[in-house]
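Q: Structure file work.pdb (PDB, C-alpha atoms) is given on the next line.
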ATOM      1  CA  MET N   1      69.515  97.397   9.238  1.00  0.00           C
ATOM      2  CA  ARG N   2      67.868  94.265   7.878  1.00  0.00           C
ATOM      3  CA  SER N   3      66.558  94.259   4.337  1.00  0.00           C
ATOM      4  CA  SER N   4      62.947  93.714   5.522  1.00  0.00           C
ATOM      5  CA  ARG N   5      63.224  96.889   7.611  1.00  0.00           C
ATOM      6  CA  ILE N   6      64.565  98.789   4.590  1.00  0.00           C
ATOM      7  CA  ILE N   7      61.597  97.592   2.516  1.00  0.00           C
ATOM      8  CA  ALA N   8      59.257  98.754   5.294  1.00  0.00           C
ATOM      9  CA  TYR N   9      60.809 102.237   5.216  1.00  0.00           C
ATOM     10  CA  ILE N  10      60.596 102.289   1.423  1.00  0.00           C
ATOM     11  CA  PHE N  11      56.852 101.567   1.676  1.00  0.00           C
ATOM     12  CA  LEU N  12      56.502 104.288   4.298  1.00  0.00           C
ATOM     13  CA  ILE N  13      58.116 106.750   1.875  1.00  0.00           C
ATOM     14  CA  ILE N  14      55.870 105.533  -0.972  1.00  0.00           C
ATOM     15  CA  THR N  15      52.819 105.988   1.274  1.00  0.00           C
ATOM     16  CA  VAL N  16      53.797 109.562   2.156  1.00  0.00           C
ATOM     17  CA  PHE N  17      54.552 110.235  -1.512  1.00  0.00           C
ATOM     18  CA  TRP N  18      51.074 108.943  -2.427  1.00  0.00           C
ATOM     19  CA  CYS N  19      49.534 111.485  -0.024  1.00  0.00           C
ATOM     20  CA  PHE N  20      51.310 114.224  -1.966  1.00  0.00           C
ATOM     21  CA  VAL N  21      50.003 112.746  -5.235  1.00  0.00           C
ATOM     22  CA  ILE N  22      46.459 112.908  -3.830  1.00  0.00           C
ATOM     23  CA  TRP N  23      46.976 116.494  -2.708  1.00  0.00           C
ATOM     24  CA  SER N  24      48.479 117.453  -6.077  1.00  0.00           C
ATOM     25  CA  PHE N  25      45.122 116.667  -7.739  1.00  0.00           C
ATOM     26  CA  SER N  26      43.459 119.179  -5.407  1.00  0.00           C
ATOM     27  CA  ALA N  27      46.085 121.827  -6.091  1.00  0.00           C
ATOM     28  CA  LYS N  28      44.430 122.812  -9.354  1.00  0.00           C
ATOM     29  CA  ASP N  29      41.808 125.407 -10.114  1.00  0.00           C
ATOM     30  CA  ALA N  30      38.403 124.333 -11.449  1.00  0.00           C
ATOM     31  CA  GLU N  31      39.394 124.757 -15.099  1.00  0.00           C
ATOM     32  CA  GLN N  32      42.552 122.630 -14.774  1.00  0.00           C
ATOM     33  CA  SER N  33      40.646 120.010 -12.816  1.00  0.00           C
ATOM     34  CA  THR N  34      37.884 119.857 -15.430  1.00  0.00           C
ATOM     35  CA  VAL N  35      40.390 119.452 -18.280  1.00  0.00           C
ATOM     36  CA  GLN N  36      42.053 116.608 -16.378  1.00  0.00           C
ATOM     37  CA  SER N  37      38.714 114.937 -15.597  1.00  0.00           C
ATOM     38  CA  ASN N  38      37.602 115.224 -19.237  1.00  0.00           C
ATOM     39  CA  LYS N  39      40.801 113.522 -20.431  1.00  0.00           C
ATOM     40  CA  VAL N  40      40.217 110.654 -18.012  1.00  0.00           C
ATOM     41  CA  LEU N  41      36.550 110.469 -19.043  1.00  0.00           C
ATOM     42  CA  GLN N  42      37.500 110.179 -22.726  1.00  0.00           C
ATOM     43  CA  ALA N  43      40.051 107.446 -22.009  1.00  0.00           C
ATOM     44  CA  VAL N  44      37.687 105.438 -19.783  1.00  0.00           C
ATOM     45  CA  THR N  45      34.873 105.783 -22.323  1.00  0.00           C
ATOM     46  CA  ARG N  46      37.115 104.552 -25.161  1.00  0.00           C
ATOM     47  CA  VAL N  47      38.296 101.535 -23.180  1.00  0.00           C
ATOM     48  CA  SER N  48      34.769 100.727 -21.930  1.00  0.00           C
ATOM     49  CA  GLU N  49      33.332 100.874 -25.432  1.00  0.00           C
ATOM     50  CA  ARG N  50      36.061  98.582 -26.783  1.00  0.00           C
ATOM     51  CA  VAL N  51      35.535  96.061 -23.998  1.00  0.00           C
ATOM     52  CA  THR N  52      31.726  96.052 -24.102  1.00  0.00           C
ATOM     53  CA  ASP N  53      31.128  96.898 -27.779  1.00  0.00           C
ATOM     54  CA  LYS N  54      28.415  99.268 -26.543  1.00  0.00           C
ATOM     55  CA  ASN N  55      28.034 103.028 -26.346  1.00  0.00           C
ATOM     56  CA  VAL N  56      29.074 103.970 -22.802  1.00  0.00           C
ATOM     57  CA  ASP N  57      27.703 107.189 -21.319  1.00  0.00           C
ATOM     58  CA  LEU N  58      29.718 108.230 -18.275  1.00  0.00           C
ATOM     59  CA  SER N  59      29.776 111.643 -16.646  1.00  0.00           C
ATOM     60  CA  VAL N  60      32.594 113.831 -15.358  1.00  0.00           C
ATOM     61  CA  SER N  61      30.939 113.637 -11.949  1.00  0.00           C
ATOM     62  CA  PHE N  62      31.188 109.837 -12.007  1.00  0.00           C
ATOM     63  CA  ILE N  63      34.876 110.074 -12.951  1.00  0.00           C
ATOM     64  CA  ARG N  64      35.591 112.571 -10.144  1.00  0.00           C
ATOM     65  CA  LYS N  65      33.766 110.531  -7.495  1.00  0.00           C
ATOM     66  CA  SER N  66      35.457 107.339  -8.698  1.00  0.00           C
ATOM     67  CA  ALA N  67      38.827 109.087  -8.515  1.00  0.00           C
ATOM     68  CA  HIS N  68      38.243 109.874  -4.830  1.00  0.00           C
ATOM     69  CA  VAL N  69      37.523 106.237  -4.056  1.00  0.00           C
ATOM     70  CA  ILE N  70      40.405 104.878  -6.150  1.00  0.00           C
ATOM     71  CA  GLU N  71      43.031 107.342  -4.858  1.00  0.00           C
ATOM     72  CA  PHE N  72      42.149 106.527  -1.277  1.00  0.00           C
ATOM     73  CA  ALA N  73      41.805 102.791  -1.928  1.00  0.00           C
ATOM     74  CA  VAL N  74      45.445 102.859  -3.018  1.00  0.00           C
ATOM     75  CA  LEU N  75      46.256 104.787   0.172  1.00  0.00           C
ATOM     76  CA  GLY N  76      44.434 102.176   2.281  1.00  0.00           C
ATOM     77  CA  PHE N  77      46.468  99.410   0.632  1.00  0.00           C
ATOM     78  CA  LEU N  78      49.769 101.252   1.091  1.00  0.00           C
ATOM     79  CA  VAL N  79      49.038 102.025   4.752  1.00  0.00           C
ATOM     80  CA  TYR N  80      48.163  98.400   5.455  1.00  0.00           C
ATOM     81  CA  ILE N  81      51.275  97.059   3.692  1.00  0.00           C
ATOM     82  CA  THR N  82      53.423  99.563   5.577  1.00  0.00           C
ATOM     83  CA  PHE N  83      52.008  98.422   8.933  1.00  0.00           C
ATOM     84  CA  TYR N  84      52.436  94.791   7.889  1.00  0.00           C
ATOM     85  CA  LEU N  85      56.058  95.282   6.853  1.00  0.00           C
ATOM     86  CA  PHE N  86      56.827  96.996  10.164  1.00  0.00           C
ATOM     87  CA  LYS N  87      55.350  93.859  11.783  1.00  0.00           C
ATOM     88  CA  ILE N  88      52.715  95.749  13.774  1.00  0.00           C
ATOM     89  CA  LYS N  89      50.552  93.058  15.346  1.00  0.00           C
ATOM     90  CA  ASN N  90      48.090  95.151  17.328  1.00  0.00           C
ATOM     91  CA  TYR N  91      45.181  95.261  14.882  1.00  0.00           C
ATOM     92  CA  LEU N  92      43.108  97.654  16.977  1.00  0.00           C
ATOM     93  CA  MET N  93      45.985 100.154  17.083  1.00  0.00           C
ATOM     94  CA  MET N  94      46.512  99.717  13.307  1.00  0.00           C
ATOM     95  CA  PHE N  95      42.834 100.351  12.679  1.00  0.00           C
ATOM     96  CA  VAL N  96      42.610 103.455  14.891  1.00  0.00           C
ATOM     97  CA  ILE N  97      45.794 105.038  13.533  1.00  0.00           C
ATOM     98  CA  SER N  98      44.672 104.274   9.973  1.00  0.00           C
ATOM     99  CA  VAL N  99      41.220 105.805  10.419  1.00  0.00           C
ATOM    100  CA  ILE N 100      42.757 108.940  11.926  1.00  0.00           C
ATOM    101  CA  SER N 101      45.267 109.095   9.053  1.00  0.00           C
ATOM    102  CA  PHE N 102      42.593 108.631   6.392  1.00  0.00           C
ATOM    103  CA  ILE N 103      40.474 111.376   7.933  1.00  0.00           C
ATOM    104  CA  ALA N 104      43.465 113.719   8.184  1.00  0.00           C
ATOM    105  CA  VAL N 105      44.603 113.160   4.582  1.00  0.00           C
ATOM    106  CA  SER N 106      41.045 113.637   3.312  1.00  0.00           C
ATOM    107  CA  LEU N 107      40.475 116.809   5.352  1.00  0.00           C
ATOM    108  CA  ILE N 108      43.748 118.282   4.107  1.00  0.00           C
ATOM    109  CA  ASP N 109      42.783 117.302   0.548  1.00  0.00           C
ATOM    110  CA  GLU N 110      39.361 118.922   0.709  1.00  0.00           C
ATOM    111  CA  THR N 111      40.584 121.990   2.635  1.00  0.00           C
ATOM    112  CA  MET N 112      43.268 122.645   0.006  1.00  0.00           C
ATOM    113  CA  GLN N 113      40.553 123.025  -2.603  1.00  0.00           C
ATOM    114  CA  LEU N 114      39.235 126.101  -0.799  1.00  0.00           C
ATOM    115  CA  PHE N 115      42.355 127.965  -1.935  1.00  0.00           C
ATOM    116  CA  PHE N 116      41.829 127.378  -5.668  1.00  0.00           C
ATOM    117  CA  ASP N 117      39.364 129.218  -7.917  1.00  0.00           C
ATOM    118  CA  GLY N 118      36.123 127.404  -8.542  1.00  0.00           C
ATOM    119  CA  ARG N 119      36.882 124.561  -6.118  1.00  0.00           C
ATOM    120  CA  SER N 120      35.066 123.769  -2.892  1.00  0.00           C
ATOM    121  CA  MET N 121      35.178 121.445   0.079  1.00  0.00           C
ATOM    122  CA  GLN N 122      32.540 118.710  -0.045  1.00  0.00           C
ATOM    123  CA  PHE N 123      31.623 116.497   2.874  1.00  0.00           C
ATOM    124  CA  SER N 124      30.471 113.766   0.461  1.00  0.00           C
ATOM    125  CA  ASP N 125      33.996 113.617  -0.987  1.00  0.00           C
ATOM    126  CA  ILE N 126      35.449 113.163   2.494  1.00  0.00           C
ATOM    127  CA  LEU N 127      33.093 110.231   3.037  1.00  0.00           C
ATOM    128  CA  LEU N 128      34.089 108.724  -0.331  1.00  0.00           C
ATOM    129  CA  ASP N 129      37.774 109.138   0.513  1.00  0.00           C
ATOM    130  CA  ILE N 130      37.497 107.482   3.901  1.00  0.00           C
ATOM    131  CA  SER N 131      35.272 104.665   2.631  1.00  0.00           C
ATOM    132  CA  GLY N 132      37.687 103.882  -0.225  1.00  0.00           C
ATOM    133  CA  ALA N 133      40.706 103.750   2.081  1.00  0.00           C
ATOM    134  CA  LEU N 134      38.982 101.927   4.896  1.00  0.00           C
ATOM    135  CA  SER N 135      37.402  99.306   2.616  1.00  0.00           C
ATOM    136  CA  VAL N 136      40.718  98.204   1.146  1.00  0.00           C
ATOM    137  CA  PHE N 137      42.485  98.447   4.509  1.00  0.00           C
ATOM    138  CA  LEU N 138      39.865  96.187   6.151  1.00  0.00           C
ATOM    139  CA  ILE N 139      39.914  93.719   3.245  1.00  0.00           C
ATOM    140  CA  CYS N 140      43.698  93.423   3.593  1.00  0.00           C
ATOM    141  CA  MET N 141      43.376  92.984   7.346  1.00  0.00           C
ATOM    142  CA  LEU N 142      40.723  90.270   6.965  1.00  0.00           C
ATOM    143  CA  ILE N 143      42.791  88.411   4.368  1.00  0.00           C
ATOM    144  CA  THR N 144      45.806  88.479   6.692  1.00  0.00           C
ATOM    145  CA  LEU N 145      43.771  87.222   9.657  1.00  0.00           C
ATOM    146  CA  PHE N 146      42.212  84.488   7.518  1.00  0.00           C
ATOM    147  CA  LEU N 147      45.608  83.319   6.239  1.00  0.00           C
ATOM    148  CA  LYS N 148      47.080  83.326   9.760  1.00  0.00           C
ATOM    149  CA  ARG N 149      44.138  81.300  11.093  1.00  0.00           C
ATOM    150  CA  LYS N 150      44.433  78.855   8.190  1.00  0.00           C
ATOM    151  CA  ALA N 151      48.178  78.459   8.796  1.00  0.00           C
ATOM    152  CA  LYS N 152      47.544  77.744  12.505  1.00  0.00           C
ATOM    153  CA  GLN N 153      44.966  75.086  11.623  1.00  0.00           C
ATOM    154  CA  GLU N 154      47.413  73.405   9.251  1.00  0.00           C
ATOM    155  CA  ASP N 155      50.051  73.315  12.017  1.00  0.00           C
ATOM    156  CA  ILE N 156      47.730  71.386  14.307  1.00  0.00           C
TER     157      ILE N 156
END
Just give me the structure of the file as structure tokens.
A:
Amino acid sequence: MRSSRIIAYIFLIITVFWCFVIWSFSAKDAEQSTVQSNKVLQAVTRVSERVTDKNVDLSVSFIRKSAHVIEFAVLGFLVYITFYLFKIKNYLMMFVISVISFIAVSLIDETMQLFFDGRSMQFSDILLDISGALSVFLICMLITLFLKRKAKQEDI
């Protein structure tokens, strides 16, 4: 097996692992989740205040919603890199499989929360998840297409 193929499989494993990381955040009851969100809020507030020299007033809700976008943005990047490393060239197929995957991971994530005290499934979170993943995935795809087009023009 060539080393590029091994790297592709490593990224596939990392991508699957990241799904479990996402789901692990949902596998907490409301109290555990709130404690975790408050710790992140305190850290972000401290860093923001040092950078801006201003009093920063963020909410736990903002932190939670941002976490959805960021977690799934990382997933979108990992999925794209995995496709790229496996040398998948059919962009329509990549897009369709990715959208289905993002929806599935998000639905599993939100459904898991139904089994933990004080947690609920929220359609708005599903939309945030999918938009975070899809945004980064599409940006990566556009960058790749742009670079390929530029390389072709330089060859002419």
Q: Counting all atoms listed in the file, what is within 12 Å of Ala43 in chain N, bar same-chain residues fewer than 4 positions away, as a PyMOL selection string?
A: chain N and resi 36-39+47-50+56+58+60+63
Q: Return the single residue from N:Val21, N:Ile130, N:Leu85, N:Ile70 that is closest to Ser98 in chain N, with distances computed using only C-alpha atoms.
A: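 Between N:Val21, N:Ile130, N:Leu85, N:Ile70, the residue approaching Ser98 in chain N most closely is N:Ile130.
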Q: At what distance in Å, to one decimal, does CA of Glu110 in chain N lie from CA of Gln122 in chain N?
A: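 CA of Gln122 in chain N sits 6.9 Å away from CA of Glu110 in chain N.
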Q: Which value, in Å to one decimal, gives the distance between CA of Ser131 in chain N and CA of Trp18 in chain N?
A: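 Pair CA of Ser131 in chain N / CA of Trp18 in chain N returns 17.1 Å.
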Q: Decode the PyMOL selection byres ((chain N and resi 23) around 12) for the given file into explicit residues and return them as number ranges by chain.
A: N: 16-22, 24-28, 68, 71-72, 104-113
Q: On this file, the PyMOL selection byres ((chain N and resi 79-83) around 7) gives some set of residues; write that set as number ranges by chain.
A: N: 8, 11-12, 15, 75-78, 84-88, 137, 140
Q: Measuring between all atoms listed in the file, which one of N:Val99, N:Leu114, N:Ile139, N:Ala151 shows the shortest distance to Leu127 in chain N?
A: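 Among the listed residues, the smallest separation from Leu127 in chain N belongs to N:Val99.
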Q: What is the CA of Phe146 in chain N to CA of Leu134 in chain N distance in Å?
A: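 One can read the CA of Phe146 in chain N to CA of Leu134 in chain N distance as 17.9 Å.
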Q: Taking all atoms listed in the file into account, which of N:Val40, N:Ser4, N:Phe62, N:Ser135 comes nearest Val74 in chain N?
A: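 When distances to Val74 in chain N are compared using all atoms listed in the file, the smallest one comes from N:Ser135.
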Q: Name the closest residue to Leu138 in chain N among the candidates N:Gln153, N:Phe95, N:Ile103, N:Ser124; distances are taken between atoms, counting all atoms listed in the file.
A: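 Looking at the shortest contact to Leu138 in chain N, the residue is N:Phe95.
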Q: Using only C-alpha atoms, which residue out of N:Ala67, N:Phe116, N:Ile126, N:Glu154 lies closest to Glu31 in chain N?
A: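 The closest residue to Glu31 in chain N is N:Phe116.
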Q: In terms of the shortest atom-to-atom distance over only C-alpha atoms, which of N:Met93, N:Ile7, N:Arg2, N:Asp29 is closest to Ser120 in chain N?
A: N:Asp29
